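*Asks:* Input structure: structure13.cif, which contains mmCIF, C-alpha atoms.
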data_upload
loop_
_atom_site.label_atom_id
_atom_site.label_comp_id
_atom_site.auth_asym_id
_atom_site.auth_seq_id
_atom_site.Cartn_x
_atom_site.Cartn_y
_atom_site.Cartn_z
CA LEU A 1 14.34 31.75 13.06
CA LEU A 2 17.62 29.86 12.76
CA ASN A 3 19.30 32.80 14.53
CA PHE A 4 17.35 31.71 17.64
CA ILE A 5 17.99 27.97 17.30
CA ASN A 6 19.92 27.90 20.61
CA ASP A 7 18.04 30.65 22.46
CA PRO A 8 16.35 29.24 25.62
CA VAL A 9 13.94 32.19 25.87
CA PHE A 10 12.78 31.64 22.30
CA TYR A 11 12.40 27.91 23.06
CA GLN A 12 10.00 28.75 25.89
CA GLN A 13 7.95 31.06 23.69
CA PHE A 14 7.88 28.55 20.82
CA ASP A 15 6.83 25.70 23.13
CA ALA A 16 4.10 27.88 24.67
CA VAL A 17 2.57 28.50 21.23
CA LYS A 18 2.63 24.78 20.44
CA LEU A 19 1.09 23.89 23.79
CA SER A 20 -1.73 26.44 23.37
CA ASN A 21 -2.55 24.89 19.97
CA LYS A 22 -2.55 21.43 21.53
CA VAL A 23 -4.91 22.64 24.28
CA ARG A 24 -7.25 23.99 21.58
CA LEU A 25 -7.30 20.60 19.80
CA ALA A 26 -7.70 18.76 23.12
CA ASN A 27 -10.77 20.91 23.87
CA TYR A 28 -12.19 20.10 20.42
CA ILE A 29 -11.65 16.37 21.04
CA ALA A 30 -13.30 16.59 24.47
CA SER A 31 -16.40 18.28 23.05
CA HIS A 32 -16.72 16.23 19.82
CA ASN A 33 -15.41 12.79 20.84
CA ASP A 34 -15.97 12.85 24.60
CA VAL A 35 -12.36 11.75 25.12
CA ILE A 36 -9.98 13.56 27.47
CA VAL A 37 -6.44 13.77 26.07
CA ASP A 38 -3.34 15.22 27.68
CA PRO A 39 -1.94 18.26 25.81
CA ASN A 40 1.50 17.36 27.17
CA SER A 41 1.43 13.96 25.47
CA ILE A 42 2.90 13.44 22.00
CA PHE A 43 0.23 14.41 19.46
CA ASP A 44 0.94 11.86 16.75
CA ILE A 45 -1.28 12.77 13.80
CA GLN A 46 -2.22 11.18 10.47
CA VAL A 47 -4.77 13.13 8.44
CA LYS A 48 -5.32 12.31 4.78
CA ARG A 49 -7.71 10.41 2.54
CA ILE A 50 -8.20 6.87 3.82
CA HIS A 51 -6.52 4.57 1.32
CA GLU A 52 -4.62 1.28 1.42
CA TYR A 53 -1.43 2.82 0.02
CA LYS A 54 -1.49 5.65 2.59
CA ARG A 55 -1.29 2.90 5.23
CA GLN A 56 -3.43 4.16 8.07
CA LEU A 57 -3.48 0.41 8.76
CA LEU A 58 0.25 0.35 9.58
CA ASN A 59 -0.31 3.13 12.10
CA ALA A 60 -3.34 1.35 13.63
CA LEU A 61 -1.53 -2.00 13.97
CA HIS A 62 1.37 -0.23 15.70
CA VAL A 63 -1.08 1.36 18.18
CA LEU A 64 -2.36 -2.14 18.97
CA TYR A 65 1.24 -3.32 19.40
CA LEU A 66 1.96 -0.43 21.82
CA TYR A 67 -1.21 -1.34 23.72
CA ASN A 68 0.06 -4.91 24.05
CA ARG A 69 3.43 -3.67 25.34
CA LEU A 70 1.72 -1.55 27.98
CA LYS A 71 -0.52 -4.43 29.05
CA GLU A 72 2.57 -6.63 29.50
CA ASN A 73 4.46 -3.88 31.34
CA PRO A 74 2.31 -1.06 32.80
CA ASN A 75 5.54 0.63 33.95
CA LEU A 76 6.94 0.78 30.42
CA GLU A 77 9.06 3.90 30.09
CA MET A 78 7.48 5.96 27.32
CA ALA A 79 6.16 9.45 26.74
CA PRO A 80 2.35 9.47 26.88
CA ARG A 81 1.03 9.37 23.33
CA THR A 82 -2.20 10.57 21.68
CA PHE A 83 -2.79 9.08 18.23
CA ILE A 84 -5.12 11.24 16.13
CA PHE A 85 -6.58 10.12 12.81
CA SER A 86 -8.83 11.96 10.39
CA GLY A 87 -9.72 11.82 6.71
CA LYS A 88 -12.44 10.71 4.35
CA ALA A 89 -12.95 7.54 2.35
CA ALA A 90 -14.60 7.19 -1.05
CA PRO A 91 -18.26 6.12 -0.56
CA GLY A 92 -17.88 2.69 -2.18
CA TYR A 93 -14.43 1.89 -0.80
CA TYR A 94 -15.29 -1.02 1.51
CA TYR A 95 -11.73 -1.71 2.69
CA ALA A 96 -11.16 1.93 3.67
CA LYS A 97 -14.36 1.86 5.73
CA GLU A 98 -13.08 -1.28 7.45
CA VAL A 99 -9.87 0.55 8.38
CA ILE A 100 -11.88 3.42 9.88
CA LYS A 101 -13.96 0.87 11.80
CA LEU A 102 -10.73 -0.77 13.02
CA ILE A 103 -9.31 2.55 14.24
CA THR A 104 -12.50 3.34 16.16
CA ALA A 105 -12.55 -0.19 17.64
CA ILE A 106 -8.94 0.21 18.81
CA ALA A 107 -9.90 3.61 20.26
CA GLU A 108 -12.73 1.99 22.26
CA LEU A 109 -10.36 -0.67 23.59
CA VAL A 110 -7.54 1.72 24.47
CA ASN A 111 -9.47 4.71 25.81
CA ASN A 112 -11.55 2.60 28.21
CA ASP A 113 -8.64 0.64 29.70
CA ARG A 114 -7.73 2.29 32.98
CA THR A 115 -4.69 0.06 33.51
CA LEU A 116 -2.92 2.12 30.82
CA ARG A 117 -3.02 5.14 33.16
CA ASP A 118 -3.62 7.51 30.25
CA LYS A 119 -0.30 6.68 28.57
CA LEU A 120 -2.17 5.93 25.36
CA LYS A 121 -5.20 7.54 23.72
CA VAL A 122 -6.66 7.10 20.22
CA VAL A 123 -9.04 9.47 18.45
CA PHE A 124 -10.69 9.43 15.02
CA LEU A 125 -12.03 12.89 14.17
CA ALA A 126 -15.05 12.82 11.87
CA ASN A 127 -15.82 15.09 8.91
CA PHE A 128 -12.31 16.27 8.11
CA ASN A 129 -12.37 19.67 6.38
CA VAL A 130 -10.39 22.91 6.22
CA SER A 131 -11.83 24.32 9.45
CA LEU A 132 -10.83 21.18 11.33
CA ALA A 133 -7.43 21.15 9.59
CA GLU A 134 -6.80 24.66 10.95
CA ILE A 135 -7.08 23.21 14.47
CA ILE A 136 -5.20 19.97 13.76
CA TYR A 137 -2.05 21.05 11.89
CA PRO A 138 -0.77 23.60 14.47
CA ALA A 139 -1.22 21.05 17.28
CA ALA A 140 0.86 18.25 15.75
CA ASN A 141 4.12 16.96 17.17
CA ILE A 142 4.40 14.05 14.72
CA SER A 143 3.36 14.19 11.07
CA GLU A 144 2.64 10.63 9.86
CA GLN A 145 3.62 10.39 6.18
CA ILE A 146 3.90 6.63 5.87
CA SER A 147 2.59 5.77 2.40
CA THR A 148 4.19 2.80 0.65
CA ALA A 149 7.28 4.22 -1.09
CA GLY A 150 6.66 4.78 -4.78
CA LYS A 151 2.92 5.34 -4.35
CA GLU A 152 2.81 8.96 -3.14
CA ALA A 153 3.84 11.19 -6.07
CA SER A 154 3.49 14.24 -3.85
CA GLY A 155 1.55 15.53 -0.91
CA THR A 156 0.77 18.89 0.65
CA GLY A 157 -0.32 17.77 4.11
CA ASN A 158 3.26 17.03 5.07
CA MET A 159 4.22 20.61 4.14
CA LYS A 160 1.43 22.08 6.30
CA PHE A 161 2.58 19.96 9.24
CA MET A 162 6.20 21.00 8.69
CA MET A 163 5.32 24.72 8.61
CA ASN A 164 3.58 24.24 11.96
CA GLY A 165 6.61 22.65 13.61
CA ALA A 166 5.68 18.97 13.40
CA VAL A 167 8.47 16.44 12.87
CA THR A 168 7.86 14.17 9.89
CA LEU A 169 7.85 10.42 10.42
CA GLY A 170 7.85 9.07 6.91
CA THR A 171 8.93 6.84 4.08
CA MET A 172 11.34 8.18 1.49
CA ASP A 173 8.90 9.26 -1.19
CA GLY A 174 7.19 12.30 -2.66
CA ALA A 175 7.60 15.57 -0.81
CA ASN A 176 9.11 13.73 2.19
CA ILE A 177 12.33 13.64 0.17
CA GLU A 178 12.15 17.41 -0.34
CA ILE A 179 11.52 17.90 3.37
CA LEU A 180 14.58 15.77 4.17
CA ASP A 181 16.66 17.87 1.76
CA ALA A 182 15.40 21.08 3.38
CA VAL A 183 15.73 20.19 7.09
CA GLY A 184 18.55 17.64 7.06
CA ALA A 185 18.48 14.04 8.27
CA SER A 186 18.67 15.00 11.96
CA ASN A 187 15.29 16.81 11.83
CA ILE A 188 13.15 14.08 10.26
CA VAL A 189 12.61 10.39 11.08
CA THR A 190 12.54 8.02 8.09
CA PHE A 191 12.04 4.27 7.78
CA GLY A 192 11.03 1.47 5.48
CA LEU A 193 11.43 0.14 1.97
CA SER A 194 12.65 2.49 -0.75
CA ALA A 195 10.62 3.06 -3.91
CA ASP A 196 13.18 0.98 -5.83
CA GLU A 197 12.82 -1.93 -3.42
CA VAL A 198 9.02 -1.80 -3.68
CA HIS A 199 9.25 -1.69 -7.47
CA HIS A 200 11.62 -4.67 -7.48
CA TYR A 201 9.24 -6.79 -5.36
CA GLN A 202 6.29 -5.83 -7.54
CA LYS A 203 8.13 -6.63 -10.76
CA TYR A 204 10.06 -9.75 -9.78
CA GLY A 205 8.22 -11.08 -6.71
CA GLY A 206 10.09 -12.52 -3.75
CA TYR A 207 7.96 -11.10 -0.94
CA ARG A 208 5.87 -13.49 1.16
CA SER A 209 4.00 -11.83 3.99
CA ILE A 210 3.28 -15.20 5.60
CA ASP A 211 7.04 -15.63 6.23
CA ILE A 212 7.12 -12.42 8.30
CA PHE A 213 3.98 -13.49 10.15
CA GLU A 214 5.53 -16.85 11.05
CA GLN A 215 8.82 -15.29 12.23
CA GLU A 216 7.45 -12.36 14.26
CA PRO A 217 5.51 -13.11 17.48
CA ARG A 218 4.51 -9.45 17.94
CA ILE A 219 2.98 -9.35 14.45
CA GLN A 220 1.22 -12.69 15.09
CA GLN A 221 -0.31 -11.30 18.27
CA VAL A 222 -1.59 -8.11 16.61
CA LEU A 223 -3.05 -9.93 13.60
CA HIS A 224 -4.76 -12.53 15.79
CA GLN A 225 -6.39 -9.66 17.70
CA LEU A 226 -8.08 -8.57 14.47
CA ILE A 227 -10.16 -11.75 14.45
CA ASP A 228 -10.26 -13.17 18.00
CA GLY A 229 -12.77 -10.79 19.58
CA THR A 230 -10.18 -8.57 21.33
CA LEU A 231 -11.65 -5.52 19.61
CA GLY A 232 -15.23 -6.11 20.70
CA HIS A 233 -17.69 -8.96 21.02
CA GLY A 234 -18.55 -10.33 17.60
CA LEU A 235 -16.31 -7.80 15.87
CA SER A 236 -13.93 -9.32 13.33
CA PHE A 237 -11.68 -7.72 10.76
CA GLN A 238 -11.30 -10.80 8.59
CA ALA A 239 -11.04 -8.77 5.36
CA ILE A 240 -8.01 -6.88 6.70
CA TYR A 241 -6.46 -10.07 8.08
CA ASP A 242 -6.93 -11.80 4.72
CA SER A 243 -5.50 -8.87 2.76
CA LEU A 244 -2.31 -9.08 4.81
CA LEU A 245 -1.83 -12.85 4.75
CA LEU A 246 -4.04 -14.50 2.12
CA TYR A 247 -3.46 -11.80 -0.51
CA ASN A 248 0.20 -11.17 0.36
CA ASP A 249 0.02 -7.64 1.79
CA GLY A 250 0.11 -5.62 -1.44
CA TYR A 251 1.22 -2.42 0.29
CA PHE A 252 4.02 -3.99 2.37
CA VAL A 253 2.48 -3.18 5.77
CA LEU A 254 4.04 -6.22 7.47
CA LYS A 255 7.33 -5.81 5.62
CA ASP A 256 7.74 -2.28 7.00
CA PHE A 257 6.24 -2.98 10.45
CA ASN A 258 9.47 -3.61 12.38
CA ALA A 259 11.22 -0.61 10.83
CA TYR A 260 8.17 1.54 11.65
CA ALA A 261 8.07 0.32 15.26
CA ASP A 262 11.78 1.11 15.61
CA ALA A 263 11.24 4.59 14.13
CA GLN A 264 8.39 5.20 16.59
CA ASN A 265 10.71 4.14 19.40
CA GLN A 266 13.24 6.68 18.15
CA VAL A 267 10.51 9.35 18.19
CA ASP A 268 9.75 8.50 21.82
CA HIS A 269 13.40 8.93 22.85
CA LEU A 270 13.72 12.22 20.96
CA PHE A 271 10.52 13.67 22.45
CA ARG A 272 11.68 12.88 25.97
CA ASN A 273 14.59 15.25 25.42
CA PRO A 274 12.68 18.58 25.20
CA THR A 275 15.68 20.62 24.04
CA ILE A 276 16.41 18.31 21.12
CA TRP A 277 12.72 18.07 20.20
CA THR A 278 12.12 21.83 20.23
CA LYS A 279 15.24 22.36 18.15
CA MET A 280 13.93 19.86 15.58
CA SER A 281 10.54 21.55 15.59
CA ILE A 282 12.01 25.04 15.07
CA SER A 283 14.24 23.72 12.28
CA ASN A 284 11.17 22.41 10.46
CA VAL A 285 9.37 25.75 10.64
CA ALA A 286 12.49 27.68 9.66
CA ASN A 287 13.20 25.54 6.59
CA SER A 288 9.63 25.30 5.26
CA GLY A 289 9.96 28.38 3.02
CA ILE A 290 10.90 26.25 0.03
CA PHE A 291 7.27 25.11 -0.11
CA SER A 292 5.86 28.63 -0.49
CA SER A 293 3.51 29.22 -3.43
CA ASP A 294 5.76 32.10 -4.57
CA ARG A 295 8.71 29.72 -5.00
CA SER A 296 6.52 27.14 -6.77
CA ILE A 297 5.13 29.69 -9.22
CA GLY A 298 8.62 31.11 -9.75
CA ASP A 299 9.83 27.63 -10.72
CA TYR A 300 6.99 27.19 -13.21
#
Before anything else, please render the file you have as structure tokens.
*Replies:*
Amino acid sequence: LLNFINDPVFYQQFDAVKLSNKVRLANYIASHNDVIVDPNSIFDIQVKRIHEYKRQLLNALHVLYLYNRLKENPNLEMAPRTFIFSGKAAPGYYYAKEVIKLITAIAELVNNDRTLRDKLKVVFLANFNVSLAEIIYPAANISEQISTAGKEASGTGNMKFMMNGAVTLGTMDGANIEILDAVGASNIVTFGLSADEVHHYQKYGGYRSIDIFEQEPRIQQVLHQLIDGTLGHGLSFQAIYDSLLLYNDGYFVLKDFNAYADAQNQVDHLFRNPTIWTKMSISNVANSGIFSSDRSIGDY
């Protein structure tokens, strides 16, 4: 594939395949979630088990932040974005269920606000399984791999996304490091604390989430929205709010928030240059061979 990395005809064919997969997922979303999404928007996807360390919460808070930016400036220059979440939570895992509830509440807020002019959509797909994965992975533009560094020993979802031409947005941990080694720094977007930095905070202390809250108006606004009724009458996410401020944000969501928002901004700029984006996408497919089962078994 790398022989065609600068071939405009191949670019057109490659983009057509991606678009057809996005149309297929958009049709699934329309029939199962009753939400109309634009296949030409960025399909920004996070599918994995719902867990605090996997930080679906970081993604959700950033969606709320983007919503606030669009409310302040409806003419904000940005590529339309569709945020897609899926994954299961352990039956007794209360906090994970709260995060799912938060994502669906944000989806209700965003998807029903006509002033956004369809620049932003949010979808949580229920009952994640292999059949649904077969529709999701090929449609992805962005692969969200944003676990707290040092917590994700390895993953396979990021490899499936990569093989299907998604660009990884991730922390430097687990198989994200191997993806970086395979595709090069120009074909992946990384951000956030390193595993060593996380380990240092956990061992020696020194992190106070309340300091970040007090210094960052955009974080203040988003966190207040968790408890002030913005997300629905009588709906409050006090447990999430408390985990971030009262219990000092054990997974460094607020610590990484600014770096994550900057990385998402970088993604927006890259996507709005179709030639660069397609080249990144092709590079990911072309360099995914290292993750083949044959190579793994050969190593063992």
*Asks:* Find the residues near stretch 3-5 of chain A: any atom within 8 Å, counting all atoms listed in the file, skip ones fewer than 2 places away on the same chain, and give them as a PyMOL selection string.
*Replies:* chain A and resi 1+7+10+279+282-283
*Asks:* Nearest to A:Ser209: which of A:Glu134, A:Glu98, A:Asp242, A:Glu178 is it, counting only C-alpha atoms?
*Replies:*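 Using only C-alpha atoms, A:Ser209 sits closest to A:Asp242.
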*Asks:* Might you pull out every residue within 10 Å of A:Val63, with all atoms listed in the file counted and same-chain residues fewer than 3 positions away left off, and present them as a count of residues only?
*Replies:* 20
*Asks:* I need the residue nearest A:Val167 from this list: A:Ser296, A:Gln264, A:Ser20, A:Gln220. Use only C-alpha atoms for the distance.
*Replies:*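 Of A:Ser296, A:Gln264, A:Ser20, A:Gln220, the one nearest A:Val167, counting only C-alpha atoms, is A:Gln264.
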*Asks:* Name all residues at most 8 Å from stretch 233-238 of chain A (count only C-alpha atoms; drop same-chain ones fewer than 6 positions away) and give them as a ChimeraX atom specification.
*Replies:* /A:98,102,226-227
*Asks:* Write out as a compact mmCIF listing (two decimals) with C-alpha atoms, in the frame of the given file the residues lying within 10 Å of A:Lys48, counting only C-alpha atoms and excluding same-chain residues fewer than 4 positions away.
*Replies:*
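Generated output (selection16.txt):
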# COMPACT_ATOMS: atom_id res chain seq x y z
CA LYS A 54 -1.49 5.65 2.59
CA GLN A 56 -3.43 4.16 8.07
CA PHE A 85 -6.58 10.12 12.81
CA SER A 86 -8.83 11.96 10.39
CA GLY A 87 -9.72 11.82 6.71
CA LYS A 88 -12.44 10.71 4.35
CA ALA A 89 -12.95 7.54 2.35
CA PHE A 128 -12.31 16.27 8.11
CA GLU A 144 2.64 10.63 9.86
CA GLN A 145 3.62 10.39 6.18
CA GLY A 155 1.55 15.53 -0.91
CA THR A 156 0.77 18.89 0.65
CA GLY A 157 -0.32 17.77 4.11
CA ASN A 158 3.26 17.03 5.07
*Asks:* Extract, using only C-alpha atoms, all DNA, RNA and protein residues at most 12 Å from A:Asn265, discarding same-chain residues fewer than 4 positions from it, and format them as a VMD selection string.
*Replies:* chain A and resid 62 66 77 to 79 81 169 189 191 258 to 261 269 to 272
*Asks:* Run the PyMOL selection byres ((chain A and resi 41) around 6) against the file shown and list the residues it catches, as a list in words.
*Replies:* Asp38, Pro39, Asn40, Ile42, Pro80 and Arg81 of chain A
*Asks:* Around stretch 273-288 of chain A, with edges along x, y and z and 8 Å added on all six sides, what centre and edge lengths do you get, in Å to one decimal, as JSON?
*Replies:*
{"center_x": 12.9, "center_y": 21.5, "center_z": 15.3, "size_x": 23.0, "size_y": 28.4, "size_z": 36.2}
